[in-house]
file final-v8.cif (mmCIF, C-alpha atoms)
data_my_file
#
loop_
_atom_site.label_atom_id
_atom_site.label_comp_id
_atom_site.auth_asym_id
_atom_site.auth_seq_id
_atom_site.Cartn_x
_atom_site.Cartn_y
_atom_site.Cartn_z
CA MET M 1 -26.45 -39.05 75.21
CA LYS M 2 -25.09 -41.73 72.92
CA THR M 3 -23.02 -40.99 69.86
CA GLN M 4 -21.90 -43.12 66.99
CA SER M 5 -18.29 -44.21 66.93
CA THR M 6 -17.86 -44.04 63.18
CA GLN M 7 -16.21 -40.88 61.89
CA PRO M 8 -17.72 -39.43 58.70
CA PRO M 9 -15.58 -39.72 55.58
CA VAL M 10 -12.73 -37.23 55.38
CA SER M 11 -13.08 -35.02 52.33
CA ASN M 12 -9.35 -34.37 52.08
CA PRO M 13 -7.32 -37.25 53.56
CA VAL M 14 -4.00 -35.51 52.82
CA ALA M 15 -4.79 -32.59 55.12
CA PRO M 16 -7.89 -33.43 57.20
CA PRO M 17 -9.59 -30.68 59.24
CA ILE M 18 -8.39 -30.24 62.80
CA LEU M 19 -12.04 -29.94 63.88
CA ARG M 20 -15.11 -31.59 62.40
CA VAL M 21 -18.59 -30.86 63.76
CA GLN M 22 -21.56 -32.81 62.42
CA GLY M 23 -25.27 -32.48 63.14
CA LEU M 24 -25.03 -30.71 66.51
CA CYS M 25 -28.41 -30.15 68.16
CA LYS M 26 -29.17 -28.57 71.54
CA ARG M 27 -32.50 -27.86 73.22
CA PHE M 28 -32.53 -26.36 76.72
CA HIS M 29 -36.21 -26.95 77.49
CA PRO M 30 -38.64 -29.61 76.23
CA GLY M 31 -41.25 -28.13 73.94
CA PHE M 32 -39.07 -25.16 73.02
CA PRO M 33 -37.34 -24.81 69.64
CA PRO M 34 -33.71 -26.01 69.60
CA VAL M 35 -31.12 -23.27 70.06
CA VAL M 36 -28.71 -25.23 67.85
CA GLN M 37 -30.12 -27.35 65.04
CA GLU M 38 -28.17 -29.67 62.73
CA VAL M 39 -25.03 -27.52 62.76
CA SER M 40 -22.12 -28.93 60.76
CA PHE M 41 -18.80 -27.33 59.83
CA GLU M 42 -15.05 -27.94 59.70
CA VAL M 43 -12.01 -25.94 60.80
CA GLY M 44 -8.63 -26.50 59.16
CA GLN M 45 -5.23 -26.57 60.83
CA GLY M 46 -4.23 -22.95 61.52
CA GLU M 47 -7.51 -21.61 60.12
CA ILE M 48 -9.54 -18.83 61.76
CA PHE M 49 -13.23 -19.69 61.38
CA ALA M 50 -15.91 -17.19 62.44
CA LEU M 51 -19.46 -17.91 63.58
CA LEU M 52 -21.35 -14.73 62.76
CA GLY M 53 -24.92 -13.90 63.64
CA PRO M 54 -27.28 -11.76 65.71
CA SER M 55 -27.74 -12.15 69.45
CA GLY M 56 -29.65 -15.29 70.35
CA CYS M 57 -28.90 -17.16 67.12
CA GLY M 58 -27.05 -20.00 68.90
CA LYS M 59 -23.44 -19.17 68.06
CA THR M 60 -22.16 -19.01 71.65
CA THR M 61 -24.05 -22.21 72.52
CA THR M 62 -22.34 -23.88 69.56
CA LEU M 63 -18.98 -22.71 70.88
CA ARG M 64 -19.78 -24.06 74.36
CA LEU M 65 -20.80 -27.40 72.87
CA VAL M 66 -17.42 -27.65 71.12
CA ALA M 67 -15.64 -26.67 74.34
CA GLY M 68 -17.59 -29.21 76.42
CA PHE M 69 -19.23 -26.65 78.72
CA GLU M 70 -22.59 -27.86 77.36
CA GLN M 71 -23.55 -31.36 76.21
CA ALA M 72 -25.26 -31.75 72.83
CA ASP M 73 -28.54 -33.65 72.56
CA SER M 74 -27.23 -35.19 69.33
CA GLY M 75 -24.40 -34.77 66.91
CA GLN M 76 -20.68 -35.44 67.00
CA ILE M 77 -17.43 -33.53 67.41
CA TRP M 78 -14.02 -34.75 66.21
CA LEU M 79 -10.77 -33.02 67.11
CA ASP M 80 -7.65 -34.14 65.28
CA GLY M 81 -9.45 -37.32 64.24
CA GLN M 82 -10.63 -38.21 67.76
CA GLU M 83 -14.31 -38.19 68.78
CA ILE M 84 -14.53 -35.90 71.84
CA SER M 85 -18.29 -35.37 72.29
CA GLN M 86 -18.31 -37.22 75.64
CA ARG M 87 -15.05 -35.87 77.03
CA PRO M 88 -15.00 -33.21 79.78
CA PRO M 89 -13.62 -29.78 78.82
CA GLU M 90 -10.22 -30.33 80.46
CA GLU M 91 -9.62 -33.43 78.34
CA ARG M 92 -10.50 -31.95 74.95
CA GLY M 93 -7.28 -30.10 74.18
CA ILE M 94 -9.14 -26.86 73.49
CA GLY M 95 -8.31 -23.35 74.73
CA PHE M 96 -11.06 -20.82 75.50
CA VAL M 97 -10.94 -17.01 75.61
CA PHE M 98 -14.00 -15.67 77.40
CA GLN M 99 -15.80 -12.45 76.55
CA ASP M 100 -14.75 -10.84 79.85
CA TYR M 101 -11.29 -12.53 79.72
CA ALA M 102 -11.90 -14.23 83.14
CA LEU M 103 -8.42 -13.37 84.41
CA PHE M 104 -7.59 -13.89 88.08
CA PRO M 105 -7.29 -10.33 89.50
CA HIS M 106 -5.11 -11.37 92.44
CA LEU M 107 -2.54 -13.16 90.26
CA SER M 108 0.19 -11.57 88.18
CA VAL M 109 0.30 -11.85 84.40
CA PHE M 110 2.92 -14.60 84.76
CA GLU M 111 0.78 -16.50 87.26
CA ASN M 112 -2.35 -16.19 85.13
CA VAL M 113 -0.60 -17.70 82.14
CA ALA M 114 1.05 -20.40 84.28
CA PHE M 115 -2.28 -21.44 85.78
CA GLY M 116 -3.08 -23.86 82.96
CA LEU M 117 0.39 -25.44 82.95
CA ARG M 118 -0.03 -27.74 85.92
CA HIS M 119 1.52 -30.58 83.94
CA LEU M 120 4.82 -28.66 83.87
CA ARG M 121 7.11 -27.97 86.79
CA GLY M 122 10.00 -25.69 87.63
CA LYS M 123 12.16 -24.44 84.79
CA ALA M 124 10.04 -26.01 82.03
CA ARG M 125 6.95 -24.19 83.29
CA GLN M 126 8.77 -20.87 83.58
CA GLU M 127 10.26 -21.18 80.11
CA ARG M 128 6.87 -21.95 78.56
CA VAL M 129 5.22 -18.94 80.25
CA LEU M 130 7.99 -16.61 79.09
CA GLU M 131 7.85 -18.07 75.59
CA VAL M 132 4.12 -17.37 75.29
CA LEU M 133 4.41 -13.92 76.88
CA GLY M 134 7.10 -13.13 74.35
CA LEU M 135 4.77 -14.23 71.57
CA VAL M 136 2.05 -11.81 72.71
CA GLY M 137 4.55 -9.04 73.54
CA LEU M 138 3.88 -8.88 77.27
CA THR M 139 7.11 -10.14 78.83
CA VAL M 140 7.84 -6.76 80.42
CA PHE M 141 4.42 -6.83 82.14
CA LYS M 142 4.80 -10.33 83.61
CA ASP M 143 4.74 -9.07 87.24
CA ARG M 144 1.74 -6.77 86.85
CA LYS M 145 -1.80 -7.58 87.92
CA PRO M 146 -4.58 -7.58 85.28
CA GLY M 147 -6.06 -4.39 86.76
CA GLU M 148 -2.84 -2.55 85.90
CA LEU M 149 -3.18 -3.36 82.18
CA SER M 150 -5.21 -1.86 79.36
CA GLY M 151 -8.15 -3.72 77.87
CA GLY M 152 -6.10 -4.76 74.87
CA GLN M 153 -3.26 -6.03 77.06
CA GLN M 154 -5.70 -8.03 79.21
CA GLN M 155 -7.09 -9.56 76.02
CA ARG M 156 -3.59 -10.70 75.03
CA VAL M 157 -3.02 -12.18 78.50
CA ALA M 158 -6.24 -14.18 78.09
CA LEU M 159 -5.05 -15.40 74.70
CA ALA M 160 -1.63 -16.29 76.09
CA ARG M 161 -3.23 -18.31 78.89
CA ALA M 162 -5.41 -20.12 76.33
CA ILE M 163 -2.54 -21.11 74.03
CA ALA M 164 0.11 -21.80 76.70
CA PRO M 165 -0.87 -25.51 77.19
CA GLY M 166 -0.50 -26.06 73.43
CA PRO M 167 -4.17 -26.69 72.52
CA LYS M 168 -5.13 -27.99 69.10
CA LEU M 169 -7.89 -25.38 68.86
CA VAL M 170 -8.72 -22.02 70.49
CA LEU M 171 -12.27 -20.72 70.92
CA LEU M 172 -12.90 -16.97 71.24
CA ASP M 173 -16.30 -15.73 72.43
CA GLU M 174 -16.86 -12.08 71.40
CA PRO M 175 -13.26 -11.30 72.51
CA PHE M 176 -13.23 -7.66 71.37
CA SER M 177 -16.70 -6.52 72.43
CA SER M 178 -15.54 -4.78 75.62
CA LEU M 179 -12.91 -2.67 73.84
CA ASP M 180 -13.49 0.84 72.52
CA ALA M 181 -13.58 1.33 68.75
CA ALA M 182 -10.01 2.61 68.40
CA LEU M 183 -8.51 -0.23 70.45
CA ARG M 184 -10.75 -2.89 68.90
CA GLN M 185 -9.19 -2.56 65.44
CA SER M 186 -5.58 -2.76 66.59
CA THR M 187 -6.25 -5.57 69.05
CA ARG M 188 -8.03 -7.81 66.55
CA ASP M 189 -5.18 -7.26 64.09
CA GLU M 190 -2.72 -8.33 66.79
CA VAL M 191 -4.78 -11.36 67.77
CA ARG M 192 -5.10 -12.51 64.17
CA SER M 193 -1.32 -12.18 63.73
CA LEU M 194 -0.66 -14.08 66.98
CA LEU M 195 -2.99 -16.92 66.01
CA LYS M 196 -1.33 -17.22 62.61
CA GLN M 197 2.13 -17.26 64.22
CA SER M 198 1.07 -20.00 66.63
CA GLY M 199 -0.45 -22.14 63.86
CA ILE M 200 -3.40 -23.01 66.10
CA GLY M 201 -6.86 -23.25 64.56
CA ALA M 202 -9.48 -20.93 66.04
CA ILE M 203 -13.23 -20.34 66.12
CA LEU M 204 -14.28 -16.73 66.62
CA VAL M 205 -17.84 -15.98 67.70
CA THR M 206 -18.99 -12.46 66.87
CA HIS M 207 -22.02 -10.39 65.87
CA ASP M 208 -19.76 -7.77 64.27
CA GLN M 209 -19.75 -8.10 60.48
CA GLU M 210 -16.59 -6.05 59.95
CA GLU M 211 -14.79 -8.11 62.56
CA ALA M 212 -15.71 -11.40 60.91
CA LEU M 213 -14.83 -10.14 57.43
CA SER M 214 -11.42 -8.81 58.45
CA VAL M 215 -10.27 -11.53 60.87
CA ALA M 216 -11.66 -14.82 59.55
CA ASP M 217 -10.29 -17.04 56.78
CA ARG M 218 -13.79 -18.49 56.46
CA LEU M 219 -17.06 -17.64 58.16
CA ALA M 220 -20.51 -19.10 58.70
CA VAL M 221 -23.59 -16.89 59.03
CA MET M 222 -25.95 -18.27 61.67
CA ARG M 223 -29.66 -17.65 62.11
CA ALA M 224 -32.15 -19.21 64.54
CA GLY M 225 -29.79 -22.06 65.44
CA GLN M 226 -28.85 -22.99 61.87
CA LEU M 227 -26.01 -22.12 59.51
CA GLU M 228 -27.39 -20.23 56.49
CA GLN M 229 -24.15 -19.96 54.50
CA THR M 230 -20.48 -20.84 54.88
CA GLY M 231 -17.53 -19.64 52.80
CA THR M 232 -14.69 -17.15 52.58
CA PRO M 233 -15.55 -13.57 53.54
CA GLU M 234 -15.37 -12.57 49.86
CA GLU M 235 -17.65 -15.41 48.75
CA VAL M 236 -20.32 -14.78 51.36
CA TYR M 237 -20.25 -11.00 50.99
CA HIS M 238 -20.36 -10.89 47.19
CA HIS M 239 -22.54 -13.97 46.65
CA PRO M 240 -25.07 -14.23 49.48
CA ARG M 241 -27.57 -17.04 49.04
CA THR M 242 -30.44 -15.65 51.11
CA PRO M 243 -31.92 -12.21 51.87
CA PHE M 244 -30.89 -12.61 55.52
CA VAL M 245 -27.24 -13.22 54.66
CA ALA M 246 -27.23 -10.33 52.19
CA GLN M 247 -28.67 -7.91 54.76
CA PHE M 248 -26.73 -9.14 57.78
CA LEU M 249 -23.32 -9.10 56.13
CA GLY M 250 -23.33 -5.39 55.36
CA ARG M 251 -25.82 -3.05 53.74
CA THR M 252 -27.63 -4.13 50.62
CA ASN M 253 -30.56 -3.24 48.40
CA LEU M 254 -33.13 -6.00 47.81
CA ILE M 255 -34.76 -5.49 44.42
CA PRO M 256 -37.53 -7.61 42.82
CA GLY M 257 -37.10 -8.52 39.18
CA GLU M 258 -38.10 -10.76 36.30
CA ALA M 259 -35.07 -12.76 35.17
CA ARG M 260 -34.32 -13.89 31.63
CA GLY M 261 -30.98 -15.67 31.63
CA LEU M 262 -28.21 -13.30 32.66
CA GLU M 263 -30.42 -10.22 32.77
CA ALA M 264 -33.45 -9.10 34.75
CA ASP M 265 -36.03 -6.35 34.40
CA THR M 266 -36.25 -4.41 37.67
CA PRO M 267 -37.43 -1.04 39.03
CA LEU M 268 -33.87 0.13 38.21
CA GLY M 269 -34.21 -0.96 34.58
CA ARG M 270 -32.61 -3.98 32.99
CA ILE M 271 -29.58 -5.13 35.00
CA VAL M 272 -26.98 -7.88 34.62
CA LEU M 273 -27.08 -10.94 36.90
CA ALA M 274 -24.16 -12.81 38.44
CA GLU M 275 -25.80 -16.13 37.51
CA GLU M 276 -28.49 -17.29 35.14
CA ALA M 277 -32.08 -17.32 36.37
CA GLN M 278 -35.59 -17.43 35.00
CA GLY M 279 -38.81 -15.90 36.27
CA ALA M 280 -39.50 -13.90 39.39
CA VAL M 281 -36.40 -13.26 41.51
CA LEU M 282 -35.25 -11.19 44.48
CA LEU M 283 -31.90 -9.54 43.86
CA SER M 284 -29.18 -8.12 46.10
CA LEU M 285 -27.24 -5.03 45.03
CA ARG M 286 -24.59 -3.67 47.40
CA PRO M 287 -24.52 0.13 47.86
CA GLU M 288 -21.01 0.29 46.35
CA GLY M 289 -22.39 -1.29 43.18
CA LEU M 290 -24.52 1.79 42.57
CA SER M 291 -23.64 5.41 41.83
CA LEU M 292 -25.41 8.73 41.39
CA ALA M 293 -25.50 11.11 38.46
CA ALA M 294 -27.27 14.35 37.67
CA PRO M 295 -30.50 14.09 35.63
CA LEU M 296 -29.93 14.02 31.87
CA GLY M 297 -32.24 16.89 31.21
CA HIS M 298 -33.93 15.00 28.35
CA LEU M 299 -35.87 11.79 27.86
CA GLY M 300 -34.12 8.49 27.18
CA LEU M 301 -35.05 5.90 24.56
CA SER M 302 -37.79 4.55 26.79
CA GLY M 303 -39.49 7.92 26.85
CA LYS M 304 -38.67 8.54 30.48
CA GLN M 305 -35.74 8.49 32.87
CA LEU M 306 -35.83 6.99 36.34
CA GLU M 307 -35.04 9.78 38.75
CA GLY M 308 -34.88 9.69 42.50
CA THR M 309 -34.61 12.18 45.32
CA VAL M 310 -31.82 12.36 47.89
CA LEU M 311 -33.38 11.79 51.32
CA ALA M 312 -30.23 11.86 53.45
CA ARG M 313 -26.47 11.47 53.29
CA GLU M 314 -23.88 10.24 55.80
CA PHE M 315 -20.31 11.50 55.51
CA LYS M 316 -17.90 8.85 56.81
CA GLY M 317 -14.55 10.25 55.70
CA HIS M 318 -13.69 7.44 53.31
CA ASP M 319 -17.09 7.47 51.61
CA MET M 320 -20.50 9.12 51.45
CA THR M 321 -23.60 6.99 51.97
CA TYR M 322 -26.89 8.20 50.49
CA ARG M 323 -30.51 7.21 50.99
CA ILE M 324 -32.43 7.71 47.76
CA GLN M 325 -36.19 7.67 47.20
CA LEU M 326 -36.86 6.08 43.82
CA GLY M 327 -40.59 5.82 43.27
CA THR M 328 -41.98 3.83 46.19
CA ARG M 329 -38.58 2.26 46.91
CA GLU M 330 -35.75 3.50 49.13
CA LEU M 331 -32.18 2.67 48.06
CA THR M 332 -28.78 2.94 49.73
CA VAL M 333 -25.94 4.18 47.53
CA GLN M 334 -22.27 4.49 48.47
CA GLU M 335 -20.37 7.27 46.73
CA SER M 336 -16.99 8.96 47.00
CA PRO M 337 -16.62 11.48 49.87
CA GLU M 338 -16.50 14.31 47.28
CA SER M 339 -19.97 13.49 45.93
CA PRO M 340 -21.82 16.81 45.48
CA PHE M 341 -25.42 15.77 46.04
CA HIS M 342 -27.48 16.93 49.01
CA PRO M 343 -30.90 16.11 50.48
CA GLY M 344 -33.63 17.27 48.12
CA ASP M 345 -31.52 16.94 44.95
CA ARG M 346 -32.89 14.97 42.01
CA VAL M 347 -30.50 12.25 40.84
CA ARG M 348 -30.22 9.23 38.57
CA VAL M 349 -29.18 5.89 40.07
CA LEU M 350 -26.72 3.95 37.92
CA VAL M 351 -25.95 0.24 38.34
CA HIS M 352 -22.32 -0.88 37.91
CA ALA M 353 -22.28 -4.30 39.60
CA LYS M 354 -23.91 -7.59 38.76
CA ALA M 355 -26.95 -8.36 40.89
CA VAL M 356 -26.99 -11.56 42.96
CA VAL M 357 -30.10 -13.75 43.13
CA VAL M 358 -31.06 -14.30 46.79
CA GLY M 359 -34.65 -15.50 46.28
CA ARG M 360 -36.85 -17.00 43.60
CA GLY M 361 -40.58 -16.91 42.96
CA ARG M 362 -43.23 -14.53 44.18
#

call {"tool": "encode", "arguments": {"input": "final-v8.cif", "output": "C-alpha cells"}}
result
Amino acid sequence: MKTQSTQPPVSNPVAPPILRVQGLCKRFHPGFPPVVQEVSFEVGQGEIFALLGPSGCGKTTTLRLVAGFEQADSGQIWLDGQEISQRPPEERGIGFVFQDYALFPHLSVFENVAFGLRHLRGKARQERVLEVLGLVGLTVFKDRKPGELSGGQQQRVALARAIAPGPKLVLLDEPFSSLDAALRQSTRDEVRSLLKQSGIGAILVTHDQEEALSVADRLAVMRAGQLEQTGTPEEVYHHPRTPFVAQFLGRTNLIPGEARGLEADTPLGRIVLAEEAQGAVLLSLRPEGLSLAAPLGHLGLSGKQLEGTVLAREFKGHDMTYRIQLGTRELTVQESPESPFHPGDRVRVLVHAKAVVVGRGR
C-alpha cells in the first residue's frame, strides 16, 4: 500500500491534534463491503475520544489500523505530526489495552509493567515501574500475580503497562466489558482520572452508550464502517443528525411532522423545533423531554384532547420510564420515580423540550 507524504493542512497550528486519521479504508475480502470506509477524525493532546457503535460496525478494526495490527487499504495516519501508516506497531509510540487485558499470568504485577520497558535498565527501569504503579494505586500489589487481583485491579495493571513506555496515545478496546456492573462504574471513573493525570491522549472503543457519554471528551458514532456524527457527548446526545444516532445514543421517540420554521405539526400537536425547517420532517424527542398528566376532563380549543394509555412502566430508582400508546404510536416517557400512573391509566403526554430534526422529506 502506498500513501501520500503530504500531511493535510492543520486546522489549529497553535495546538495541532496528537493524532490525525484521514480517509481510512479496510476491506478483508475482495467483493465484500469495506469494514472501514473513509473514516477521518482527530484526537487532541490529553483528549479521550470514543468510537461508539454496535458490534460489527468497524470500530475495533479502526483501532487496530491506528495501532498497526492491521494495514489499511488506503488512508493515512499521523501521530504528533509524523506519518506512521507504514510503521510496525512497536515503532508507532502507541499503547494498547486489550479487552481481556492480555496480562502474563506467570509474571508479577511489577514484571508485567516492566515488560515494555526494554529500553531501560537497572534503577531507571525500576523507578519507572514504581512511578506508574503509584499512579494507578497498585504499588502494594507489585509482587502479586494477575490471578490474585480483582478484575478492576487487573484493568489498572493493563493500563499501567500501556502507559509505562510513555506513549503519545493509548488505545482501549472495550476495556470494561468483562467487569460486573458495580465495578464497571468505579473502574471507568478511575481510568478516566488516570488518563487525565497522565496527559496522554486516548481512543476508547465501546458499544456502551453510557460509558461513552460519561468517559469521553468527544465521541464519534459509527455505523457500517462509517462515522455518522462526531462531537461532544452533549452535542451528539441533544442534537443527533440522523435517526440512527438518535436511537443508538439513548432512548428517543421518532415523530413525523410538517415543519413551518421553528414549529411543526405532529401527532403530539404543534411542537417547537431546535432549528428552522420546512416541509416533511422526522423529529427526535428524548423521553425526558416529555411528561405525563391526568386527562383534563373537558375538551380543549381544538375540540378534542390527545390522550394515551399507559402500557407499561419501569421503576429504576432515579426515574420511572413509561411506554404510552397514543393512537397508533407508542411513546417512551421518562418521569420522576414518584409518578402515580399505572398500566391501563389514561394520560396526556406533554412536550417540554424542543424537537430535533433528524430526517427530511417523506

call {"tool": "residues_around", "arguments": {"input": "final-v8.cif", "residues": "segment 259-271 of chain M", "least_positions_apart": "5", "cutoff": "7 Å", "atoms": "only C-alpha atoms", "output": "JSON, numbers by chain"}}
result
{"M": [276, 277, 278, 279, 280, 281]}

call {"tool": "closest_residue", "arguments": {"input": "final-v8.cif", "among": "M:Lys123, M:Lys59, M:Arg156, M:His238", "to": "Arg223 of chain M", "atoms": "all atoms listed in the file"}}
result
M:Lys59

call {"tool": "residues_around", "arguments": {"input": "final-v8.cif", "residues": "Ala246 of chain M", "least_positions_apart": "3", "cutoff": "9 Å", "atoms": "all atoms listed in the file", "output": "list in words"}}
result
Val236, Tyr237, His238, His239, Pro240, Arg241, Thr242, Pro243, Leu249, Gly250, Arg251, Thr252, Asn253, Leu254, Ser284, Leu285, Arg286 and Val358 of chain M

call {"tool": "closest_residue", "arguments": {"input": "final-v8.cif", "among": "M:His352, M:Arg118, M:Arg218, M:Arg144", "to": "Phe104 of chain M", "atoms": "all atoms listed in the file"}}
result
M:Arg144

call {"tool": "residues_around", "arguments": {"input": "final-v8.cif", "residues": "segment 75-78 of chain M", "least_positions_apart": "3", "cutoff": "7 Å", "atoms": "all atoms listed in the file", "output": "count of residues only"}}
result
15

call {"tool": "resolve_selection", "arguments": {"input": "final-v8.cif", "expression": "the PyMOL selection byres ((chain M and resi 204) around 6)", "output": "list in words"}}
result
Ala50, Leu172, Ile203 and Val205 of chain M

call {"tool": "closest_residue", "arguments": {"input": "final-v8.cif", "among": "M:Leu350, M:Leu306, M:Leu65, M:Leu135", "to": "Gly327 of chain M", "atoms": "all atoms listed in the file"}}
result
M:Leu306

call {"tool": "atom_distance", "arguments": {"input": "final-v8.cif", "atom1": "atom CA of Asp208 of chain M", "atom2": "atom CA of Glu314 of chain M"}}
result
20.3 Å

call {"tool": "atom_distance", "arguments": {"input": "final-v8.cif", "atom1": "atom CA of Thr328 of chain M", "atom2": "atom CA of Glu275 of chain M"}}
result
27.1 Å

call {"tool": "residues_around", "arguments": {"input": "final-v8.cif", "residues": "segment 317-326 of chain M", "least_positions_apart": "3", "cutoff": "9 Å", "atoms": "only C-alpha atoms", "output": "list in words"}}
result
Pro267, Leu268, Pro287, Leu306, Glu307, Gly308, Thr309, Val310, Leu311, Ala312, Arg313, Glu314, Arg329, Glu330, Leu331, Thr332, Val333, Gln334, Glu335, Ser336, Pro337, Glu338, Ser339, Phe341, His342, Pro343, Val347 and Val349 of chain M

call {"tool": "resolve_selection", "arguments": {"input": "final-v8.cif", "expression": "the PyMOL selection byres ((chain M and resi 108) around 7)", "output": "list in words"}}
result
His106, Leu107, Val109, Phe110, Glu111, Asn112, Lys142, Asp143, Arg144, Lys145 and Pro146 of chain M

call {"tool": "atom_distance", "arguments": {"input": "final-v8.cif", "atom1": "atom CA of Gln155 of chain M", "atom2": "atom CA of Ala212 of chain M"}}
result
17.5 Å

call {"tool": "resolve_selection", "arguments": {"input": "final-v8.cif", "expression": "the PyMOL selection byres ((chain M and resi 292) around 6)", "output": "PDB file with C-alpha atoms, keeping the file's coordinate frame"}}
result
ATOM      1  CA  SER M 291     -23.640   5.410  41.830  1.00  0.00           C
ATOM      2  CA  ALA M 293     -25.500  11.110  38.460  1.00  0.00           C
ATOM      3  CA  ARG M 348     -30.220   9.230  38.570  1.00  0.00           C
ATOM      4  CA  VAL M 349     -29.180   5.890  40.070  1.00  0.00           C
TER       5      VAL M 349
END

call {"tool": "residues_around", "arguments": {"input": "final-v8.cif", "residues": "segment 228-233 of chain M", "least_positions_apart": "5", "cutoff": "6 Å", "atoms": "all atoms listed in the file", "output": "list of chain:residue names"}}
result
M:Leu213, M:Arg218, M:Leu219, M:Ala220, M:Val221, M:Met222

call {"tool": "closest_residue", "arguments": {"input": "final-v8.cif", "among": "M:Asp345, M:Asp217, M:Asp173, M:Asp80", "to": "Leu195 of chain M", "atoms": "only C-alpha atoms"}}
result
M:Asp217

call {"tool": "closest_atom_pairs", "arguments": {"input": "final-v8.cif", "of": "segment 179-246 of chain M", "to": "segment 29-37 of chain M", "cutoff": "9 Å", "atoms": "all atoms listed in the file", "output": "Markdown table"}}
result
| residue | atom | partner | partner_atom | distance |
| --- | --- | --- | --- | --- |
| M:Ala224 | CA | M:Val35 | CA | 6.9 |
| M:Gly225 | CA | M:Val36 | CA | 4.1 |
| M:Gln226 | CA | M:Gln37 | CA | 5.5 |
| M:Leu227 | CA | M:Gln37 | CA | 8.7 |

call {"tool": "closest_residue", "arguments": {"input": "final-v8.cif", "among": "M:Phe49, M:Phe141, M:Tyr101, M:Phe248", "to": "Ser214 of chain M", "atoms": "all atoms listed in the file"}}
result
M:Phe49

call {"tool": "closest_residue", "arguments": {"input": "final-v8.cif", "among": "M:Arg128, M:Arg184, M:Lys354, M:Lys316", "to": "Ala274 of chain M", "atoms": "only C-alpha atoms"}}
result
M:Lys354
